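Text of upload-v8.tsv, listed as TSV, C-alpha atoms and all ligand atoms:
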chain	number	residue	atom	x	y	z
A	7	MET	CA	166.77	128.43	64.50
A	8	VAL	CA	167.84	131.91	63.46
A	9	GLN	CA	165.48	134.73	64.36
A	10	PRO	CA	163.88	136.41	61.35
A	11	LEU	CA	165.00	139.97	60.65
A	12	LEU	CA	161.54	140.82	59.44
A	13	GLU	CA	158.35	138.94	60.07
A	14	LEU	CA	154.67	139.42	59.36
A	15	ARG	CA	152.08	137.33	61.12
A	16	GLY	CA	148.44	136.83	60.31
A	17	VAL	CA	148.17	139.51	57.64
A	18	ASN	CA	144.81	140.10	55.99
A	19	LYS	CA	144.22	142.65	53.28
A	20	SER	CA	141.16	143.50	51.24
A	21	PHE	CA	140.60	146.01	48.49
A	22	GLY	CA	136.92	146.82	48.83
A	23	VAL	CA	135.11	143.49	48.74
A	24	VAL	CA	138.09	141.62	47.31
A	25	HIS	CA	139.96	139.74	50.03
A	26	VAL	CA	143.49	139.58	48.60
A	27	LEU	CA	145.64	138.27	51.50
A	28	HIS	CA	144.40	135.65	53.97
A	29	ASP	CA	146.23	135.14	57.30
A	30	VAL	CA	149.62	135.46	55.64
A	31	ASP	CA	152.73	134.67	57.70
A	32	PHE	CA	155.97	135.70	56.08
A	33	ALA	CA	159.54	135.75	57.40
A	34	VAL	CA	162.85	137.07	56.10
A	35	TYR	CA	166.08	135.73	57.60
A	36	PRO	CA	169.50	137.44	57.75
A	37	GLY	CA	171.97	136.13	55.19
A	38	GLN	CA	169.26	134.35	53.26
A	39	VAL	CA	167.42	134.86	50.01
A	40	THR	CA	163.71	134.15	50.42
A	41	ALA	CA	161.93	133.66	47.12
A	42	LEU	CA	158.31	134.79	47.13
A	43	VAL	CA	156.52	132.91	44.37
A	44	GLY	CA	152.94	132.65	43.17
A	45	ASP	CA	150.82	132.99	40.08
A	46	ASN	CA	149.71	136.34	38.63
A	47	GLY	CA	147.39	137.95	41.14
A	48	ALA	CA	148.42	135.67	44.03
A	49	GLY	CA	149.19	138.72	46.17
A	50	LYS	CA	152.98	138.99	46.02
A	51	SER	CA	153.19	142.69	45.16
A	52	THR	CA	150.43	143.47	47.66
A	53	LEU	CA	152.42	141.73	50.40
A	54	VAL	CA	155.55	143.63	49.40
A	55	LYS	CA	153.67	146.94	49.47
A	56	ILE	CA	152.37	146.12	52.95
A	57	ILE	CA	155.94	145.40	54.07
A	58	ALA	CA	157.01	148.67	52.42
A	59	GLY	CA	154.37	150.60	54.34
A	60	ILE	CA	152.62	151.73	51.16
A	61	TYR	CA	149.46	149.77	51.97
A	62	GLY	CA	148.06	149.41	55.44
A	63	ARG	CA	146.92	145.98	56.57
A	64	ASP	CA	143.48	145.09	57.84
A	65	SER	CA	144.96	142.82	60.50
A	66	GLY	CA	148.24	141.18	61.40
A	67	ASP	CA	151.47	142.11	63.16
A	68	TYR	CA	154.78	143.42	61.88
A	69	PHE	CA	157.98	142.35	63.66
A	70	PHE	CA	161.50	143.62	63.11
A	71	ASP	CA	164.52	142.04	64.83
A	72	GLY	CA	162.10	140.08	67.00
A	73	LYS	CA	160.24	143.15	68.22
A	74	LYS	CA	156.74	144.16	67.28
A	75	VAL	CA	156.85	147.48	65.45
A	76	GLU	CA	154.26	150.02	64.36
A	77	VAL	CA	154.54	150.87	60.71
A	78	HIS	CA	152.49	153.78	59.44
A	79	GLY	CA	154.17	154.49	56.15
A	80	PRO	CA	157.24	154.12	53.95
A	81	ARG	CA	159.29	156.41	56.20
A	82	ASP	CA	158.91	154.11	59.20
A	83	VAL	CA	159.97	151.21	57.02
A	84	ALA	CA	163.03	153.06	55.69
A	85	HIS	CA	164.00	153.82	59.30
A	86	LEU	CA	164.00	150.11	60.07
A	87	GLY	CA	166.41	149.54	57.18
A	88	VAL	CA	163.94	147.93	54.81
A	89	GLU	CA	164.22	148.91	51.14
A	90	VAL	CA	162.15	147.84	48.16
A	91	VAL	CA	163.20	147.76	44.53
A	92	TYR	CA	159.99	147.90	42.50
A	93	GLN	CA	159.58	146.37	39.12
A	94	ASP	CA	159.16	149.75	37.43
A	95	LEU	CA	162.34	150.82	39.30
A	96	ALA	CA	161.31	154.43	39.85
A	97	LEU	CA	164.57	155.80	38.48
A	98	CYS	CA	164.67	159.17	36.74
A	99	ASP	CA	165.93	158.81	33.18
A	100	ASN	CA	167.09	162.38	32.88
A	101	LEU	CA	169.28	162.21	35.99
A	102	ASP	CA	172.67	160.54	36.32
A	103	ILE	CA	173.49	157.58	38.56
A	104	VAL	CA	174.63	159.66	41.55
A	105	GLN	CA	171.56	161.90	41.37
A	106	ASN	CA	169.31	158.85	41.22
A	107	MET	CA	170.99	157.10	44.12
A	108	PHE	CA	170.64	160.14	46.36
A	109	LEU	CA	167.30	161.36	45.11
A	110	GLY	CA	165.36	162.78	48.04
A	111	ARG	CA	168.20	162.09	50.47
A	112	GLU	CA	170.94	164.32	49.09
A	113	GLU	CA	173.92	164.84	51.38
A	114	LYS	CA	174.12	168.46	52.43
A	115	GLY	CA	177.54	170.08	52.16
A	116	ARG	CA	178.29	173.51	53.61
A	117	ILE	CA	177.20	175.09	50.35
A	118	GLY	CA	174.43	173.20	48.67
A	119	LEU	CA	174.80	169.49	48.04
A	120	ASP	CA	178.07	167.74	48.63
A	121	GLU	CA	178.55	166.39	45.13
A	122	ILE	CA	182.00	164.97	45.78
A	123	ALA	CA	180.86	163.00	48.83
A	124	MET	CA	177.79	161.68	47.03
A	125	GLU	CA	179.82	160.73	43.98
A	126	SER	CA	182.38	158.81	45.99
A	127	ARG	CA	179.72	157.02	48.05
A	128	ALA	CA	177.89	156.04	44.88
A	129	ARG	CA	181.15	154.71	43.44
A	130	GLU	CA	182.07	152.86	46.65
A	131	THR	CA	178.64	151.26	46.88
A	132	LEU	CA	178.78	150.02	43.30
A	133	ALA	CA	182.33	148.75	43.86
A	134	SER	CA	181.36	147.01	47.10
A	135	LEU	CA	178.72	145.14	45.16
A	136	SER	CA	181.37	144.28	42.55
A	137	VAL	CA	179.48	146.17	39.86
A	138	ARG	CA	182.00	146.67	37.10
A	139	THR	CA	179.89	147.22	34.03
A	140	VAL	CA	178.91	150.81	34.78
A	141	LYS	CA	181.53	153.07	33.22
A	142	SER	CA	180.80	156.34	34.99
A	143	VAL	CA	178.54	157.30	37.87
A	144	ARG	CA	177.87	160.52	36.00
A	145	GLN	CA	176.22	158.63	33.16
A	146	SER	CA	172.53	159.39	32.77
A	147	VAL	CA	170.25	156.51	33.65
A	148	ALA	CA	168.63	156.79	30.20
A	149	SER	CA	171.90	155.54	28.68
A	150	LEU	CA	172.02	152.36	30.80
A	151	SER	CA	170.95	148.87	29.82
A	152	GLY	CA	168.10	147.15	31.67
A	153	GLY	CA	170.53	145.14	33.78
A	154	GLN	CA	172.57	148.20	34.66
A	155	ARG	CA	169.41	150.05	35.69
A	156	GLN	CA	168.43	147.18	37.92
A	157	THR	CA	171.92	147.27	39.40
A	158	VAL	CA	171.68	150.99	40.11
A	159	ALA	CA	168.26	150.51	41.72
A	160	ILE	CA	169.65	147.75	43.95
A	161	ALA	CA	172.74	149.80	44.80
A	162	LYS	CA	170.43	152.69	45.71
A	163	ALA	CA	168.56	150.37	48.05
A	164	VAL	CA	171.71	149.17	49.84
A	165	LEU	CA	173.33	152.61	50.06
A	166	TRP	CA	171.38	153.28	53.25
A	167	ASN	CA	172.75	150.48	55.39
A	168	SER	CA	169.71	148.46	54.62
A	169	LYS	CA	169.10	145.24	56.51
A	170	VAL	CA	166.32	143.89	54.32
A	171	VAL	CA	165.96	144.37	50.57
A	172	LEU	CA	162.91	143.25	48.62
A	173	LEU	CA	163.15	142.89	44.85
A	174	ASP	CA	159.93	142.64	42.84
A	175	GLU	CA	160.73	140.73	39.63
A	176	PRO	CA	164.23	142.16	39.13
A	177	THR	CA	165.06	139.92	36.17
A	178	ALA	CA	161.70	139.97	34.36
A	179	ALA	CA	162.85	142.21	31.53
A	180	LEU	CA	166.46	141.08	31.33
A	181	GLY	CA	168.51	138.98	28.95
A	182	VAL	CA	170.68	136.05	29.97
A	183	ALA	CA	173.87	137.95	30.80
A	184	GLN	CA	172.05	140.73	32.64
A	185	THR	CA	170.01	138.23	34.62
A	186	ARG	CA	173.29	136.58	35.60
A	187	GLN	CA	174.63	139.91	36.91
A	188	VAL	CA	171.51	140.65	38.92
A	189	LEU	CA	171.33	137.15	40.43
A	190	ASP	CA	174.99	137.38	41.43
A	191	LEU	CA	174.20	140.69	43.09
A	192	VAL	CA	171.20	139.21	44.91
A	193	ARG	CA	173.43	136.44	46.26
A	194	ARG	CA	176.12	138.90	47.33
A	195	LEU	CA	173.60	140.97	49.30
A	196	ALA	CA	172.61	137.88	51.28
A	197	ASP	CA	176.26	136.92	51.73
A	198	ARG	CA	176.76	140.35	53.32
A	199	GLY	CA	174.17	139.37	55.92
A	200	LEU	CA	171.15	141.16	54.50
A	201	GLY	CA	167.75	139.55	54.38
A	202	VAL	CA	166.77	139.43	50.73
A	203	VAL	CA	163.35	138.78	49.22
A	204	LEU	CA	163.22	137.87	45.56
A	205	ILE	CA	159.91	137.81	43.72
A	206	SER	CA	160.25	135.84	40.52
A	207	HIS	CA	158.23	133.78	38.08
A	208	ASN	CA	161.40	132.13	36.85
A	209	MET	CA	162.01	128.82	38.63
A	210	GLY	CA	165.58	128.69	37.32
A	211	ASP	CA	166.35	131.99	39.07
A	212	VAL	CA	164.52	130.89	42.21
A	213	PHE	CA	166.43	127.64	42.56
A	214	GLU	CA	169.69	129.29	41.74
A	215	VAL	CA	169.69	131.86	44.53
A	216	ALA	CA	166.96	131.09	47.04
A	217	ASP	CA	167.57	129.58	50.47
A	218	ARG	CA	163.86	129.54	51.30
A	219	ILE	CA	160.74	129.53	49.18
A	220	THR	CA	157.42	130.99	50.23
A	221	ALA	CA	154.61	130.13	47.83
A	222	LEU	CA	151.40	132.13	47.74
A	223	TYR	CA	148.25	130.65	46.26
A	224	LEU	CA	145.18	132.87	45.93
A	225	GLY	CA	146.44	135.07	48.74
A	226	ARG	CA	147.27	132.22	51.13
A	227	VAL	CA	150.66	130.79	52.04
A	228	ALA	CA	150.73	127.35	50.41
A	229	ALA	CA	154.25	126.56	51.62
A	230	ASP	CA	157.23	128.09	53.36
A	231	VAL	CA	160.13	125.69	52.96
A	232	PRO	CA	163.92	125.50	52.58
A	233	ALA	CA	164.66	125.52	48.84
A	234	LYS	CA	166.69	122.31	49.16
A	235	ASP	CA	163.61	120.42	50.40
A	236	VAL	CA	161.58	120.94	47.24
A	237	ASN	CA	162.09	120.50	43.53
A	238	HIS	CA	161.09	122.50	40.52
A	239	SER	CA	157.87	120.62	39.76
A	240	GLN	CA	156.70	120.70	43.39
A	241	VAL	CA	157.03	124.48	43.43
A	242	VAL	CA	155.17	124.75	40.12
A	243	GLU	CA	152.36	122.62	41.62
A	244	LEU	CA	152.25	124.79	44.74
A	245	ILE	CA	151.96	127.87	42.55
A	246	THR	CA	149.32	126.51	40.21
A	247	ALA	CA	147.27	124.25	42.52
A	248	GLY	CA	148.17	125.40	46.04
A	249	ARG	CA	149.37	121.93	46.95
A	250	SER	CA	151.93	119.28	46.14
A	251	GLY	CA	151.97	115.96	47.97
A	252	ASP	CA	152.08	116.66	51.71
A	253	LEU	CA	152.75	120.32	51.14
A	254	GLY	CA	150.20	123.04	50.63
A	255	ILE	CA	146.71	124.10	51.49
A	256	SER	CA	144.49	121.13	52.41
A	257	GLU	CA	141.20	122.44	51.13
A	258	ASN	CA	141.23	124.26	47.82
A	259	PRO	CA	140.14	127.80	48.77
A	260	ALA	CA	138.93	128.32	45.21
A	261	ASN	CA	136.11	125.83	45.99
A	262	ALA	CA	135.45	127.09	49.52
A	263	SER	CA	132.33	129.14	50.12
A	264	VAL	CA	132.97	132.74	51.09
B	301	LIG	N1	145.08	148.71	44.47
B	301	LIG	C1	144.30	147.64	44.25
B	301	LIG	N2	142.96	147.73	44.21
B	301	LIG	C2	142.18	146.66	44.01
B	301	LIG	N3	142.65	145.42	43.81
B	301	LIG	C3	143.98	145.25	43.84
B	301	LIG	C4	144.88	146.34	44.05
B	301	LIG	N4	146.14	145.87	44.01
B	301	LIG	C5	146.03	144.55	43.78
B	301	LIG	N5	144.75	144.17	43.68
B	301	LIG	C6	144.27	142.80	43.46
B	301	LIG	O1	144.91	141.96	44.39
B	301	LIG	C7	145.27	140.72	43.81
B	301	LIG	C8	146.75	140.49	44.02
B	301	LIG	O2	147.49	141.39	43.22
B	301	LIG	P1	149.06	141.50	43.28
B	301	LIG	O3	149.48	142.63	42.43
B	301	LIG	O4	149.51	141.51	44.71
B	301	LIG	O5	149.48	140.11	42.64
B	301	LIG	P2	150.93	139.55	42.26
B	301	LIG	O6	151.08	138.26	42.97
B	301	LIG	O7	151.96	140.58	42.50
B	301	LIG	O8	150.76	139.25	40.70
B	301	LIG	P3	151.81	139.42	39.47
B	301	LIG	O9	152.62	138.16	39.45
B	301	LIG	O10	150.90	139.48	38.27
B	301	LIG	O11	152.62	140.65	39.68
B	301	LIG	C9	144.83	140.79	42.35
B	301	LIG	O12	143.61	140.14	42.25
B	301	LIG	C10	144.67	142.27	42.10
B	301	LIG	O13	143.69	142.51	41.15
B	302	MG	MG	153.24	141.66	41.23
Write the structure described by the file as structure tokens, please.
Amino acid sequence: MVQPLLELRGVNKSFGVVHVLHDVDFAVYPGQVTALVGDNGAGKSTLVKIIAGIYGRDSGDYFFDGKKVEVHGPRDVAHLGVEVVYQDLALCDNLDIVQNMFLGREEKGRIGLDEIAMESRARETLASLSVRTVKSVRQSVASLSGGQRQTVAIAKAVLWNSKVVLLDEPTAALGVAQTRQVLDLVRRLADRGLGVVLISHNMGDVFEVADRITALYLGRVAADVPAKDVNHSQVVELITAGRSGDLGISENPANASV
């Protein structure tokens, strides 16, 4: 069994009186795409924000490369090599691709920023991910299509020698061809040895690229299985009912007393 690159054990999280995550165990393996699935409000984005260091956790441990680590904020997480691409992407429309990719981490040249170095690294990173649809790295992000923006956001995440990349619904707003591009990119990241987490509501996307599937149901892990061991309708059942045959949560937590 391969050791997870990143692992959370026994995570609980409440917002006020609302208990959102219950004893969640979650693992990300090198070279694999782990799909994190669950209905609206299941707790996927909350889990991702805990991994990203944006939210603290009420309990539970955070492991990286097999070692327990203390994570106090997004900086600690970036140091570990964990990057998150959020659904709203957080790109600046008025800036070009290079400026976006280096935002907040500009390379310092002897005089001001080293534009040439940044530009060539941006170009190399896009090329290494076989991104060919972006014409110029000096194009403003406002002029890009949804798929191209997603590509730039992912390239930005891998520019920093990341080891784990989490993508929150990267294909939600995309058409068929753009979804294709992004899924290919997701697969290539894993093939480069990164641990990739894909949050998606689209079962087609999940089965196309995922090696493992972790299903959340009302803030609990209903299943954590190799993708090849389950089919489409089993995953849909896990998402909507928390169980499917032998898999899932034995007692429906929706009926449990609190
Ligand atoms: N900052 C917050 N304050 C209070 N409640 C929150 C907060 N963030 C999330 N929640 C609640 O936690 C639960 C899980 O939300 P979360 O955004 O993690 O779900 P999700 O699985 O990402 O759903 P979706 O598929 O709709 O994106 C929801 O009931 C939500 O209302
Ligand atoms: Mg979400």
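Using all atoms listed in the file, the nearest neighbour of ligand LIG 301 (chain B) within the list A:Ser250, A:Ser168, A:Thr131, A:Asn18 is A:Asn18.
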Task: Given all atoms listed in the file as the counted atoms, nearest of A:Gly201, A:Gly210, A:Gly251, A:Gly22 to Leu172 (chain A) - done: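 Answer, going by the shortest atom-to-atom distance: A:Gly201.
Around the point (150.0, 151.7, 59.2), within 9 Å and counting only C-alpha atoms, we find these residues: Ile56, Gly59, Ile60, Tyr61, Gly62, Arg63, Glu76, Val77, His78 and Gly79 of chain A.
The shortest atom-to-atom distance to Arg193 (chain A), with all atoms listed in the file taken into account, belongs to A:Leu135 out of A:Ala123, A:Val30, A:Val43, A:Leu135.
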Taking only C-alpha atoms into account, produce a table as CSV in which each residue of region 44-132 of chain A with an atom at most 9 Å from an atom of region 159-162 of chain A appears once, together with its shortest atom pair and the distance in Å to one decimal, ordered by chain and rising number.
residue,atom,partner,partner_atom,distance
A:Val90,CA,A:Ile160,CA,8.6
A:Val91,CA,A:Ala159,CA,6.4
A:Tyr92,CA,A:Ala159,CA,8.7
A:Leu95,CA,A:Ala159,CA,6.4
A:Ala96,CA,A:Ala159,CA,8.2
A:Leu97,CA,A:Ala159,CA,7.2
A:Asn106,CA,A:Lys162,CA,7.7
A:Met107,CA,A:Lys162,CA,4.7
A:Phe108,CA,A:Lys162,CA,7.5
A:Ala128,CA,A:Ala161,CA,8.1
A:Thr131,CA,A:Ala161,CA,6.4
A:Leu132,CA,A:Ala161,CA,6.2
- [ ] Please give me, as JSON, numbers by chain, the residues lying within 7 Å of ligand LIG 301 (chain B) when counting all atoms listed in the file.
- [x] {"A": [21, 24, 26, 44, 45, 46, 47, 48, 49, 50, 51, 52, 53]}
Task: Closest of A:Leu150, A:Leu165, A:Leu222, A:Leu195 to ligand MG 302 (chain B) - atom-to-atom distances counting all atoms listed in the file - done: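 Between A:Leu150, A:Leu165, A:Leu222, A:Leu195, the residue approaching ligand MG 302 (chain B) most closely is A:Leu222.
Between CA of Met7 (chain A) and CA of Val212 (chain A) lies a distance of 22.5 Å.
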- [ ] Tell me, as a ChimeraX atom specification, which residues lie within 8 Å of Asp99 (chain A), counting only C-alpha atoms; anything in the same chain fewer than 5 positions away does not count.
- [x] /A:146-148
Open item on the list: Please report the interatomic distance between CA of Thr40 (chain A) and CA of Val203 (chain A) in Å with one decimal.
Closed with: 4.8 Å
- [ ] Could you tell me which of A:Ala84, A:Ala178, A:Leu204, A:Val227 comes closest to Val192 (chain A) if we count all atoms listed in the file?
- [x]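 Nearest candidate to Val192 (chain A) out of A:Ala84, A:Ala178, A:Leu204, A:Val227: A:Leu204.
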- [ ] Take CA of Asp230 (chain A) and CA of Phe69 (chain A) and report the distance between them in Å, one decimal.
- [x]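 According to the coordinates, CA of Asp230 (chain A) and CA of Phe69 (chain A) are separated by 17.6 Å.
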Fewer than 2 positions away in the same chain doesn't count, so skip those; otherwise give me all residues within 10 Å of Ala247 (chain A), counting all atoms listed in the file, as a compact mmCIF listing (two decimals) with C-alpha atoms, in the coordinates of the input.
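Wrote result15.txt, looks like this:
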# COMPACT_ATOMS: atom_id res chain seq x y z
CA ASP A 45 150.82 132.99 40.08
CA TYR A 223 148.25 130.65 46.26
CA LEU A 224 145.18 132.87 45.93
CA ALA A 228 150.73 127.35 50.41
CA VAL A 241 157.03 124.48 43.43
CA VAL A 242 155.17 124.75 40.12
CA GLU A 243 152.36 122.62 41.62
CA LEU A 244 152.25 124.79 44.74
CA ILE A 245 151.96 127.87 42.55
CA ARG A 249 149.37 121.93 46.95
CA SER A 250 151.93 119.28 46.14
CA GLY A 254 150.20 123.04 50.63
CA ILE A 255 146.71 124.10 51.49
CA ASN A 258 141.23 124.26 47.82
CA ALA A 260 138.93 128.32 45.21
TODO: Determine the nearest neighbour of Val236 (chain A) from the options A:Leu14, A:Ala41, A:Leu253, A:Val8, counting all atoms listed in the file.
DONE: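 Using all atoms listed in the file, Val236 (chain A) sits closest to A:Leu253.
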Open item on the list: Just want the 7 Å neighbourhood of Gly37 (chain A), counted on all atoms listed in the file, with same-chain residues fewer than 3 positions away dropped. Output as a list in words.
Closed with: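 In the requested form, the answer reads Ala196, Asp197, Arg198, Gly199, Leu200 and Gly201 of chain A.
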